[in-house]
Amino acid sequence: MQVEAKFICAEIVGPLRDGAYEIPEGATVSDLLECCRAACPNNHPISWASQLMFLKNGMQAQMDTQLSPGDKVHFLRKIFGG
């Protein structure tokens with residue numbers, strides 16, 4: 001299935017790119033992030049995922065949130081403080 005990834009945190013994710021990614025049925029946000037990393041020329045481990053928050057179709061999601069065909073996932077930097 002195809003889902004779209006949008007990274008609004010280039011200072012954290014570096015070379016990961018926005019775009020449509022092909023992932024297996026039943027995949028999660030974590031799986032999508034791994035697919036994005038694997039497609040990147042500088043295929044380094046993801047040690048910064050705890051600095052991100054995720055939106056699936058505009059609603060907050062978690063790493064284990066299951067995705068469906070056509071979903072749009074935004075990766076944003078967590079804001080600390082308050």
# chains A, B, ... in the order shown; residues from 1 in each chain; ligands from 1
>>> residues_around(residues="Asp71 in chain A", least_positions_apart="6", cutoff="12 Å", atoms="only C-alpha atoms", output="list in words")
Met1, Gln2, Val3, Glu4, Ala5, Lys6, Gly19, Ala20, Tyr21, Glu22, Ile23, Ala27, Thr28, Val29, Leu32, Leu55, Lys56, Asn57, Gly58, Met59, Ala61 and Thr65 of chain A
>>> write_last_selection(atoms="N, CA and C atoms", output="PDB file, in the first residue's frame")
ATOM      1  N   MET A   1       0.845  -1.179   0.000  1.00  0.00           N
ATOM      2  CA  MET A   1       0.000   0.000   0.000  1.00  0.00           C
ATOM      3  C   MET A   1       0.886   1.237   0.000  1.00  0.00           C
ATOM      4  N   GLN A   2       0.340   2.328  -0.424  1.00  0.00           N
ATOM      5  CA  GLN A   2       1.117   3.555  -0.505  1.00  0.00           C
ATOM      6  C   GLN A   2       0.605   4.563   0.525  1.00  0.00           C
ATOM      7  N   VAL A   3       1.544   5.172   1.253  1.00  0.00           N
ATOM      8  CA  VAL A   3       1.231   6.243   2.198  1.00  0.00           C
ATOM      9  C   VAL A   3       2.208   7.386   1.944  1.00  0.00           C
ATOM     10  N   GLU A   4       1.853   8.559   2.409  1.00  0.00           N
ATOM     11  CA  GLU A   4       2.689   9.727   2.193  1.00  0.00           C
ATOM     12  C   GLU A   4       3.331  10.154   3.503  1.00  0.00           C
ATOM     13  N   ALA A   5       4.612  10.480   3.443  1.00  0.00           N
ATOM     14  CA  ALA A   5       5.363  10.970   4.600  1.00  0.00           C
ATOM     15  C   ALA A   5       5.747  12.419   4.352  1.00  0.00           C
ATOM     16  N   LYS A   6       5.589  13.237   5.376  1.00  0.00           N
ATOM     17  CA  LYS A   6       5.966  14.656   5.302  1.00  0.00           C
ATOM     18  C   LYS A   6       6.786  14.967   6.542  1.00  0.00           C
ATOM     19  N   GLY A  19       7.503  12.284   0.658  1.00  0.00           N
ATOM     20  CA  GLY A  19       7.086  11.578  -0.533  1.00  0.00           C
ATOM     21  C   GLY A  19       6.192  10.404  -0.233  1.00  0.00           C
ATOM     22  N   ALA A  20       5.791   9.738  -1.303  1.00  0.00           N
ATOM     23  CA  ALA A  20       4.956   8.545  -1.203  1.00  0.00           C
ATOM     24  C   ALA A  20       5.865   7.340  -1.037  1.00  0.00           C
ATOM     25  N   TYR A  21       5.516   6.481  -0.092  1.00  0.00           N
ATOM     26  CA  TYR A  21       6.301   5.281   0.185  1.00  0.00           C
ATOM     27  C   TYR A  21       5.398   4.061   0.106  1.00  0.00           C
ATOM     28  N   GLU A  22       5.931   3.003  -0.429  1.00  0.00           N
ATOM     29  CA  GLU A  22       5.230   1.728  -0.523  1.00  0.00           C
ATOM     30  C   GLU A  22       5.598   0.910   0.714  1.00  0.00           C
ATOM     31  N   ILE A  23       4.579   0.568   1.512  1.00  0.00           N
ATOM     32  CA  ILE A  23       4.790  -0.227   2.719  1.00  0.00           C
ATOM     33  C   ILE A  23       3.788  -1.375   2.715  1.00  0.00           C
ATOM     34  N   ALA A  27       1.172  -2.122   8.146  1.00  0.00           N
ATOM     35  CA  ALA A  27       2.368  -1.434   8.637  1.00  0.00           C
ATOM     36  C   ALA A  27       1.984  -0.314   9.602  1.00  0.00           C
ATOM     37  N   THR A  28       2.940   0.064  10.427  1.00  0.00           N
ATOM     38  CA  THR A  28       2.746   1.103  11.435  1.00  0.00           C
ATOM     39  C   THR A  28       3.577   2.338  11.093  1.00  0.00           C
ATOM     40  N   VAL A  29       3.405   3.383  11.900  1.00  0.00           N
ATOM     41  CA  VAL A  29       4.229   4.587  11.745  1.00  0.00           C
ATOM     42  C   VAL A  29       5.707   4.213  11.853  1.00  0.00           C
ATOM     43  N   LEU A  32       6.852   2.768   8.621  1.00  0.00           N
ATOM     44  CA  LEU A  32       7.005   3.820   7.615  1.00  0.00           C
ATOM     45  C   LEU A  32       8.317   4.563   7.831  1.00  0.00           C
ATOM     46  N   LEU A  55       1.566  12.797  13.233  1.00  0.00           N
ATOM     47  CA  LEU A  55       0.169  13.040  12.910  1.00  0.00           C
ATOM     48  C   LEU A  55      -0.208  12.143  11.747  1.00  0.00           C
ATOM     49  N   LYS A  56      -1.271  11.383  11.911  1.00  0.00           N
ATOM     50  CA  LYS A  56      -1.805  10.543  10.837  1.00  0.00           C
ATOM     51  C   LYS A  56      -3.098  11.195  10.398  1.00  0.00           C
ATOM     52  N   ASN A  57      -3.121  11.702   9.181  1.00  0.00           N
ATOM     53  CA  ASN A  57      -4.297  12.391   8.647  1.00  0.00           C
ATOM     54  C   ASN A  57      -4.774  13.490   9.592  1.00  0.00           C
ATOM     55  N   GLY A  58      -3.810  14.205  10.195  1.00  0.00           N
ATOM     56  CA  GLY A  58      -4.122  15.344  11.049  1.00  0.00           C
ATOM     57  C   GLY A  58      -4.409  15.020  12.504  1.00  0.00           C
ATOM     58  N   MET A  59      -4.418  13.738  12.857  1.00  0.00           N
ATOM     59  CA  MET A  59      -4.693  13.327  14.236  1.00  0.00           C
ATOM     60  C   MET A  59      -3.417  12.733  14.841  1.00  0.00           C
ATOM     61  N   ALA A  61      -0.732  10.474  16.447  1.00  0.00           N
ATOM     62  CA  ALA A  61      -0.502   9.031  16.309  1.00  0.00           C
ATOM     63  C   ALA A  61       0.711   8.648  17.147  1.00  0.00           C
ATOM     64  N   THR A  65       0.890   3.022  15.722  1.00  0.00           N
ATOM     65  CA  THR A  65      -0.373   3.281  15.038  1.00  0.00           C
ATOM     66  C   THR A  65      -0.348   2.627  13.667  1.00  0.00           C
TER      67      THR A  65
END
>>> atom_distance(atom1="CA of Phe54 in chain A", atom2="CA of Arg77 in chain A")
8.7 Å
>>> closest_residue(among="A:Ser68, A:Ser30, A:Leu52, A:Pro41", to="Ile12 in chain A", atoms="only C-alpha atoms")
A:Leu52
>>> atom_distance(atom1="CA of Leu16 in chain A", atom2="CA of Lys78 in chain A")
17.4 Å
>>> closest_residue(among="A:Lys72, A:Gln60, A:Phe7, A:Arg17", to="Cys36 in chain A", atoms="only C-alpha atoms")
A:Arg17
>>> decode(residues="range 5-17 of chain A", atoms="N, CA and C atoms", output="short mmCIF file (atom, residue, chain, number, x, y, z; two decimals), in the first residue's frame")
data_model
loop_
_atom_site.label_atom_id
_atom_site.label_comp_id
_atom_site.auth_asym_id
_atom_site.auth_seq_id
_atom_site.Cartn_x
_atom_site.Cartn_y
_atom_site.Cartn_z
N ALA A 5 4.61 10.48 3.44
CA ALA A 5 5.36 10.97 4.60
C ALA A 5 5.75 12.42 4.35
N LYS A 6 5.59 13.24 5.38
CA LYS A 6 5.97 14.66 5.30
C LYS A 6 6.79 14.97 6.54
N PHE A 7 8.03 15.37 6.35
CA PHE A 7 8.94 15.66 7.46
C PHE A 7 9.01 17.16 7.69
N ILE A 8 8.52 17.60 8.84
CA ILE A 8 8.54 19.01 9.20
C ILE A 8 9.54 19.15 10.36
N CYS A 9 10.74 18.62 10.13
CA CYS A 9 11.76 18.60 11.18
C CYS A 9 13.10 18.23 10.56
N ALA A 10 13.46 18.89 9.48
CA ALA A 10 14.69 18.56 8.76
C ALA A 10 15.92 18.62 9.65
N GLU A 11 15.90 19.49 10.67
CA GLU A 11 17.06 19.61 11.54
C GLU A 11 17.29 18.33 12.36
N ILE A 12 16.26 17.49 12.47
CA ILE A 12 16.38 16.23 13.20
C ILE A 12 16.61 15.06 12.25
N VAL A 13 15.81 14.97 11.22
CA VAL A 13 15.84 13.77 10.36
C VAL A 13 16.87 13.84 9.25
N GLY A 14 17.47 14.99 9.05
CA GLY A 14 18.54 15.11 8.05
C GLY A 14 18.07 14.78 6.64
N PRO A 15 18.64 13.75 6.03
CA PRO A 15 18.39 13.49 4.61
C PRO A 15 17.08 12.76 4.29
N LEU A 16 16.26 12.43 5.28
CA LEU A 16 15.00 11.76 4.95
C LEU A 16 14.13 12.69 4.13
N ARG A 17 13.41 12.13 3.17
CA ARG A 17 12.67 12.93 2.20
C ARG A 17 11.17 12.72 2.28
#
